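Source file: final.cif; contents: mmCIF, C-alpha atoms.
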```
data_model
#
loop_
_atom_site.label_atom_id
_atom_site.label_comp_id
_atom_site.auth_asym_id
_atom_site.auth_seq_id
_atom_site.Cartn_x
_atom_site.Cartn_y
_atom_site.Cartn_z
CA MET A 1 -14.31 28.19 3.92
CA GLU A 2 -16.93 25.47 3.54
CA GLU A 3 -18.90 27.52 1.02
CA LYS A 4 -15.78 28.19 -1.03
CA LEU A 5 -15.03 24.45 -1.21
CA SER A 6 -18.58 23.37 -2.08
CA LEU A 7 -17.47 21.93 -5.43
CA LEU A 8 -15.02 19.64 -3.63
CA PHE A 9 -17.64 18.56 -1.09
CA ASN A 10 -20.17 17.85 -3.84
CA SER A 11 -17.61 15.75 -5.73
CA PHE A 12 -17.10 13.42 -2.77
CA ASN A 13 -20.75 13.50 -1.76
CA GLN A 14 -21.52 11.94 -5.14
CA LYS A 15 -19.07 9.17 -4.23
CA GLY A 16 -20.98 8.51 -1.00
CA PHE A 17 -18.73 10.42 1.42
CA ASP A 18 -19.70 12.80 4.20
CA TYR A 19 -17.21 15.41 5.39
CA GLU A 20 -15.89 16.84 8.65
CA MET A 21 -13.69 19.88 9.25
CA ASN A 22 -11.19 20.04 12.10
CA PHE A 23 -10.30 23.73 12.19
CA ASP A 24 -7.94 23.28 15.16
CA GLU A 25 -5.76 20.88 13.18
CA ASP A 26 -6.42 22.38 9.71
CA LEU A 27 -7.69 19.02 8.49
CA LEU A 28 -10.55 18.07 6.21
CA TYR A 29 -11.95 14.54 6.39
CA PHE A 30 -14.12 12.70 3.91
CA LEU A 31 -15.58 9.57 5.45
CA LYS A 32 -17.84 6.70 4.46
CA THR A 33 -19.12 3.75 6.50
CA GLU A 34 -19.15 0.40 4.73
CA ASN A 35 -20.04 -2.80 6.59
CA ASP A 36 -17.78 -2.85 9.67
CA THR A 37 -15.28 -0.38 8.19
CA LYS A 38 -14.98 3.39 8.07
CA LYS A 39 -13.12 4.78 5.08
CA TYR A 40 -11.25 8.05 5.64
CA ILE A 41 -9.64 10.54 3.27
CA GLN A 42 -7.66 13.21 5.11
CA ILE A 43 -6.51 16.47 3.49
CA GLU A 44 -4.60 19.33 5.06
CA VAL A 45 -6.39 22.62 4.37
CA CYS A 46 -5.55 26.08 5.66
CA LEU A 47 -6.95 29.58 5.13
CA ILE A 48 -4.17 32.07 4.39
CA LYS A 49 -5.42 35.62 3.92
CA ASN A 50 -7.80 35.45 0.97
CA LYS A 51 -6.63 32.07 -0.33
CA ILE A 52 -7.18 28.47 0.74
CA ARG A 53 -4.07 26.31 0.79
CA MET A 54 -4.60 22.63 0.00
CA SER A 55 -1.99 19.95 0.65
CA PRO A 56 -0.43 18.23 -2.39
CA SER A 57 -0.95 14.88 -0.70
CA VAL A 58 -3.74 13.01 1.04
CA ALA A 59 -3.87 10.33 3.72
CA ASN A 60 -6.39 7.57 3.22
CA TYR A 61 -6.95 4.79 5.70
CA ILE A 62 -9.57 2.47 7.15
CA GLU A 63 -10.87 2.47 10.70
CA ILE A 64 -12.31 -0.67 12.27
CA VAL A 65 -14.35 0.50 15.27
CA LYS A 66 -14.24 -2.84 17.11
CA VAL A 67 -10.46 -3.08 16.78
CA GLU A 68 -9.94 0.48 18.00
CA GLU A 69 -12.25 -0.09 20.98
CA ILE A 70 -10.29 -3.16 22.08
CA LEU A 71 -7.01 -1.32 21.46
CA GLU A 72 -8.08 1.48 23.80
CA GLN A 73 -9.19 -1.07 26.39
CA VAL A 74 -5.81 -2.83 26.33
CA THR A 75 -3.60 0.27 26.21
CA ASN A 76 -5.75 2.53 28.42
CA GLN A 77 -5.11 5.23 25.85
CA LYS A 78 -7.59 7.19 23.77
CA THR A 79 -6.75 7.01 20.06
CA TYR A 80 -7.61 10.11 18.08
CA LEU A 81 -6.29 9.15 14.66
CA LYS A 82 -8.03 5.81 14.23
CA ASN A 83 -5.82 4.58 11.42
CA THR A 84 -6.39 0.83 11.75
CA ILE A 85 -5.40 -0.23 8.23
CA SER A 86 -2.91 1.72 6.13
CA ALA A 87 -3.34 2.52 2.46
CA SER A 88 -0.90 -0.06 1.15
CA ILE A 89 -2.99 -2.83 -0.36
CA GLY A 90 -3.07 -3.32 -4.12
CA ILE A 91 -1.90 0.22 -4.88
CA ASP A 92 1.15 2.40 -5.38
CA LYS A 93 2.02 3.69 -1.91
CA ASN A 94 2.76 7.21 -3.19
CA ASN A 95 0.21 9.50 -1.55
CA ALA A 96 1.06 12.74 -3.37
CA PHE A 97 -0.72 13.79 -6.53
CA SER A 98 1.19 17.07 -6.93
CA ASN A 99 4.66 18.43 -6.24
CA ASP A 100 3.49 21.51 -4.39
CA TYR A 101 0.62 23.03 -2.42
CA PHE A 102 -2.50 24.24 -4.20
CA PHE A 103 -3.72 27.76 -3.52
CA ILE A 104 -7.43 28.14 -4.15
CA LYS A 105 -8.56 31.67 -4.89
CA THR A 106 -10.95 31.32 -7.80
CA LYS A 107 -13.53 28.79 -8.92
CA LYS A 108 -11.19 27.76 -11.73
CA ASP A 109 -8.44 26.99 -9.19
CA LEU A 110 -10.81 24.72 -7.29
CA GLU A 111 -12.00 23.01 -10.47
CA LYS A 112 -8.40 22.16 -11.38
CA TYR A 113 -7.74 20.81 -7.89
CA VAL A 114 -10.89 18.67 -7.90
CA GLN A 115 -10.03 17.25 -11.33
CA LEU A 116 -6.55 16.19 -10.21
CA LEU A 117 -7.83 14.78 -6.93
CA ASP A 118 -10.55 12.86 -8.75
CA VAL A 119 -7.97 11.14 -10.97
CA TYR A 120 -5.90 10.29 -7.91
CA TYR A 121 -8.98 8.96 -6.15
CA ASN A 122 -9.82 6.66 -9.07
CA ASN A 123 -6.26 5.34 -9.40
CA HIS A 124 -5.18 5.06 -5.76
CA ILE A 125 -7.83 5.63 -3.12
CA GLN A 126 -10.80 3.78 -4.57
CA PRO A 127 -8.85 0.54 -5.35
CA PHE A 128 -7.60 0.44 -1.75
CA PHE A 129 -11.07 0.96 -0.28
CA GLU A 130 -12.63 -1.59 -2.63
CA ALA A 131 -9.99 -4.17 -1.72
CA ILE A 132 -11.05 -4.07 1.94
CA PRO A 133 -14.88 -4.04 2.23
CA THR A 134 -14.78 -5.76 5.65
CA LEU A 135 -12.38 -6.59 8.47
CA GLN A 136 -12.58 -10.26 7.48
CA SER A 137 -11.41 -9.42 3.96
CA PHE A 138 -8.30 -7.73 5.40
CA ASN A 139 -7.63 -10.79 7.54
CA ASP A 140 -8.05 -13.13 4.57
CA LYS A 141 -6.14 -11.09 1.97
CA VAL A 142 -3.30 -9.85 4.15
CA LEU A 143 -2.80 -11.39 7.60
CA SER A 144 -3.43 -14.91 6.32
CA VAL A 145 -1.06 -14.46 3.38
CA VAL A 146 1.92 -12.19 4.06
CA PRO A 147 4.79 -13.14 6.41
CA PHE A 148 4.48 -12.00 10.03
CA ASP A 149 7.46 -9.67 9.68
CA GLU A 150 5.62 -7.73 6.95
CA TYR A 151 2.52 -6.89 8.98
CA HIS A 152 3.94 -3.44 9.77
CA ASN A 153 3.50 -2.52 6.11
CA TYR A 154 -0.28 -2.77 6.44
CA LEU A 155 -1.02 -1.69 10.01
CA SER A 156 0.06 1.57 11.63
CA GLY A 157 1.07 2.35 15.19
CA LYS A 158 0.82 -0.66 17.51
CA PHE A 159 0.72 -3.01 14.54
CA GLY A 160 1.62 -6.16 16.51
CA LEU A 161 -1.23 -5.68 18.95
CA LYS A 162 -3.62 -4.69 16.17
CA ALA A 163 -2.70 -7.83 14.23
CA MET A 164 -3.41 -10.01 17.27
CA ILE A 165 -6.79 -8.34 17.81
CA ILE A 166 -7.82 -8.73 14.17
CA MET A 167 -6.62 -12.33 13.92
CA PHE A 168 -8.50 -13.24 17.09
CA LEU A 169 -11.72 -11.52 16.00
CA CYS A 170 -11.53 -13.16 12.57
CA LYS A 171 -10.64 -16.60 13.97
CA ASN A 172 -7.45 -16.70 11.94
CA PRO A 173 -5.88 -20.21 12.25
CA LEU A 174 -2.46 -18.51 12.39
CA TYR A 175 -3.34 -16.60 15.56
CA LYS A 176 -1.52 -18.95 17.96
CA ASP A 177 1.52 -19.05 15.68
CA TYR A 178 1.63 -15.27 15.66
CA VAL A 179 1.37 -15.14 19.46
CA LEU A 180 4.36 -17.50 19.69
CA TYR A 181 6.21 -15.43 17.10
CA ARG A 182 5.74 -12.29 19.20
CA GLU A 183 6.65 -14.09 22.43
CA LYS A 184 9.93 -15.20 20.89
CA GLY A 185 10.55 -11.68 19.64
CA PHE A 186 10.17 -10.26 23.13
CA GLU A 187 12.35 -13.00 24.64
CA ASN A 188 15.14 -12.21 22.20
CA SER A 189 14.80 -8.44 22.31
CA PRO A 190 17.98 -6.79 23.65
CA ASN A 191 15.93 -3.65 24.30
CA LEU A 192 13.77 -5.52 26.80
CA GLN A 193 16.76 -6.95 28.65
CA ASP A 194 18.76 -3.72 28.85
CA VAL A 195 17.09 -1.14 31.10
CA THR A 196 19.54 1.50 29.85
CA SER A 197 18.35 1.09 26.26
CA ARG A 198 16.58 4.15 24.85
CA TYR A 199 13.86 1.78 23.63
CA TYR A 200 13.41 -0.09 26.90
CA LYS A 201 10.24 1.70 28.04
CA THR A 202 8.58 1.40 24.64
CA VAL A 203 9.33 -2.31 24.26
CA LYS A 204 8.38 -2.99 27.89
CA GLN A 205 5.03 -1.29 27.35
CA SER A 206 4.43 -3.35 24.20
CA PHE A 207 5.26 -6.53 26.12
CA GLU A 208 2.85 -5.61 28.91
CA GLU A 209 0.07 -4.87 26.41
CA PHE A 210 0.80 -8.14 24.64
CA ASN A 211 0.37 -10.05 27.90
CA LYS A 212 -2.72 -8.08 28.88
CA PHE A 213 -4.48 -8.92 25.62
CA LYS A 214 -3.56 -12.61 25.94
CA GLU A 215 -4.97 -12.61 29.46
CA MET A 216 -8.18 -10.92 28.32
CA VAL A 217 -8.61 -13.56 25.62
CA GLU A 218 -7.99 -16.39 28.08
CA LYS A 219 -10.57 -14.93 30.49
CA GLY A 220 -13.13 -14.51 27.72
CA GLU A 221 -13.18 -10.73 28.11
CA ILE A 222 -12.94 -10.12 24.36
#
```
Could you take the file, read its structure, and then write that structure out as structure tokens?
Amino acid sequence: MEEKLSLLFNSFNQKGFDYEMNFDEDLLYFLKTENDTKKYIQIEVCLIKNKIRMSPSVANYIEIVKVEEILEQVTNQKTYLKNTISASIGIDKNNAFSNDYFFIKTKKDLEKYVQLLDVYYNNHIQPFFEAIPTLQSFNDKVLSVVPFDEYHNYLSGKFGLKAMIIMFLCKNPLYKDYVLYREKGFENSPNLQDVTSRYYKTVKQSFEEFNKFKEMVEKGEI
């Protein structure tokens, strides 16, 4: 499969990206390290008989190694998809560049796919990556500017905990305000008060992780 997609690999290699194939998950990754960030482009790819099926959409995100390491330390969970920052800064959030799957059988098929993906990269992926060259730039452009209740638009998964970690690492002056904001949210959460709630365990776990991170900060363990 790798030989058949060499044109695609060369296209991203010229942009400074390496690639990795996860055959178990049928995923192709293009990745590039820049400062304290790792830029990822994720494409679903699958071999079906004598054709290669390529997804009509891509996932692009930024990993911050330090943030993910602290996240694993707090949650005691290994994170496999290290999607620290979502692709939602300064771009259209649409992540599809076609309405249907691509089936690659000939060189011409691959050339067409690469051309379309290249246009999408220039218009959507590259602007996002260029907007966030460092963790500090994300803190300054997003966490220091947007309202607290909009953080979930920019951080995936445990976004509240991730925001606290980033704000602390970047010495964001709003860090203490955000801690108080989250404390109040937990205090007023009906899901945390009602043990019969379907969300009780999830919210309780978030509250415990919130307190654990605060304690680690207070003890100087971060």
- Just give me the gap between atom CA of Leu28 of chain A and atom CA of Gln115 of chain A in Å, one decimal is fine.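 Answer for the atom CA of Leu28 of chain A to atom CA of Gln115 of chain A separation: 17.6 Å.
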- Between atom CA of Glu20 of chain A and atom CA of Ala163 of chain A, what is the spacing in Å?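 Straight-line distance from atom CA of Ala163 of chain A to atom CA of Glu20 of chain A works out to 28.5 Å.
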- Message: I need every residue sitting at most 8 Å from the point (-16.6, -4.4, 2.4) (coordinates as in the file, only C-alpha atoms considered), written as JSON, numbers by chain.
- Response: {"A": [34, 35, 36, 37, 130, 131, 132, 133, 134, 135, 137]}
Expected file contents, prior selection, C-alpha atoms, as a compact mmCIF listing (two decimals), in the frame of the given file:
```txt
# COMPACT_ATOMS: atom_id res chain seq x y z
CA GLU A 34 -19.15 0.40 4.73
CA ASN A 35 -20.04 -2.80 6.59
CA ASP A 36 -17.78 -2.85 9.67
CA THR A 37 -15.28 -0.38 8.19
CA GLU A 130 -12.63 -1.59 -2.63
CA ALA A 131 -9.99 -4.17 -1.72
CA ILE A 132 -11.05 -4.07 1.94
CA PRO A 133 -14.88 -4.04 2.23
CA THR A 134 -14.78 -5.76 5.65
CA LEU A 135 -12.38 -6.59 8.47
CA SER A 137 -11.41 -9.42 3.96
```
- Task: Tell me, as JSON, numbers by chain, which residues lie within 12 Å of segment 170-184 of chain A, counting all atoms listed in the file; anything in the same chain fewer than 5 positions away does not count.
- Result: {"A": [66, 67, 134, 135, 136, 137, 138, 139, 140, 141, 142, 143, 144, 145, 146, 147, 148, 149, 151, 159, 160, 161, 162, 163, 164, 165, 189, 190, 192, 203, 206, 207, 208, 209, 210, 211, 213, 214, 217]}
- Message: Expand the PyMOL selection byres ((chain A and resi 57) around 9) into the explicit residue set it covers here, and present it as number ranges by chain.
- Response: A: 43-44, 54-56, 58-59, 94-101
Atoms kept (C-alpha atoms) for selection, written as a PDB file, in the coordinates of the input:
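Below is the file that was written, part.pdb:
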```
ATOM      1  CA  ILE A  43      -6.510  16.470   3.490  1.00  0.00           C
ATOM      2  CA  GLU A  44      -4.600  19.330   5.060  1.00  0.00           C
ATOM      3  CA  MET A  54      -4.600  22.630   0.000  1.00  0.00           C
ATOM      4  CA  SER A  55      -1.990  19.950   0.650  1.00  0.00           C
ATOM      5  CA  PRO A  56      -0.430  18.230  -2.390  1.00  0.00           C
ATOM      6  CA  VAL A  58      -3.740  13.010   1.040  1.00  0.00           C
ATOM      7  CA  ALA A  59      -3.870  10.330   3.720  1.00  0.00           C
ATOM      8  CA  ASN A  94       2.760   7.210  -3.190  1.00  0.00           C
ATOM      9  CA  ASN A  95       0.210   9.500  -1.550  1.00  0.00           C
ATOM     10  CA  ALA A  96       1.060  12.740  -3.370  1.00  0.00           C
ATOM     11  CA  PHE A  97      -0.720  13.790  -6.530  1.00  0.00           C
ATOM     12  CA  SER A  98       1.190  17.070  -6.930  1.00  0.00           C
ATOM     13  CA  ASN A  99       4.660  18.430  -6.240  1.00  0.00           C
ATOM     14  CA  ASP A 100       3.490  21.510  -4.390  1.00  0.00           C
ATOM     15  CA  TYR A 101       0.620  23.030  -2.420  1.00  0.00           C
TER      16      TYR A 101
END
```
- Query: Separation of atom CA of Gln14 of chain A and atom CA of Phe128 of chain A, in Å?
  - Reply: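 Computing the Euclidean distance for atom CA of Gln14 of chain A and atom CA of Phe128 of chain A yields 18.4 Å.
For the set A:Met167, A:Thr75, A:Gln126, A:Ile85, the residue with the smallest atom-to-atom gap to Gly16 of chain A is A:Gln126, counting all atoms listed in the file.
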- Task: Please write the residues picked by the PyMOL selection byres ((chain A and resi 19) around 12) on this file as a ChimeraX atom specification.
- Result: /A:2,5-6,8-18,20-22,27-33,39-43
- Message: Assuming the chain letters and numbering stay as they are in my file, what does the PyMOL selection byres ((chain A and resi 49) around 12) actually select? List them as an MDAnalysis selection string.
- Response: chainID A and resid 1 46:48 50:53 103:105
Just C-alpha atoms for this one: save the residues we selected as a tab-separated table (two decimals), in the coordinates of the input.
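The resulting file, part11.tsv, is reproduced below:
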```tsv
chain	number	residue	atom	x	y	z
A	1	MET	CA	-14.31	28.19	3.92
A	46	CYS	CA	-5.55	26.08	5.66
A	47	LEU	CA	-6.95	29.58	5.13
A	48	ILE	CA	-4.17	32.07	4.39
A	50	ASN	CA	-7.80	35.45	0.97
A	51	LYS	CA	-6.63	32.07	-0.33
A	52	ILE	CA	-7.18	28.47	0.74
A	53	ARG	CA	-4.07	26.31	0.79
A	103	PHE	CA	-3.72	27.76	-3.52
A	104	ILE	CA	-7.43	28.14	-4.15
A	105	LYS	CA	-8.56	31.67	-4.89
```
Report, as lines of an AutoDock Vina configuration file, the centre and edge lengths in Å (one decimal) of the axis-aligned box enclosing every listed atom of segment 126-144 of chain A, padded by 5 Å on each side.
```
center_x = -8.8
center_y = -5.6
center_z = 1.6
size_x = 22.1
size_y = 28.7
size_z = 23.8
```
- Task: Might you pull out every residue within 8 Å of Thr84 of chain A, with all atoms listed in the file counted and same-chain residues fewer than 4 positions away left off, and present them as a VMD selection string?
- Result: chain A and resid 61 to 64 67 to 68 155 to 156 162
- Task: Would you please work out which residue, of A:Glu3, A:Phe168, A:Gly185, A:Asn122, is nearest to Glu218 of chain A when using only C-alpha atoms?
- Result: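 Of A:Glu3, A:Phe168, A:Gly185, A:Asn122, the one nearest Glu218 of chain A is A:Phe168, counting only C-alpha atoms.
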- Item | Which of A:Lys107, A:Lys219, A:Lys38, A:Lys112 sits closest to Asn83 of chain A [using only C-alpha atoms] | A:Lys38
- Task: Find, counting only C-alpha atoms, the residue in A:Glu150, A:Asp118, A:Glu111, A:Glu221 that gets nearest to Lys4 of chain A.
- Result: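 Between A:Glu150, A:Asp118, A:Glu111, A:Glu221, the residue approaching Lys4 of chain A most closely is A:Glu111.
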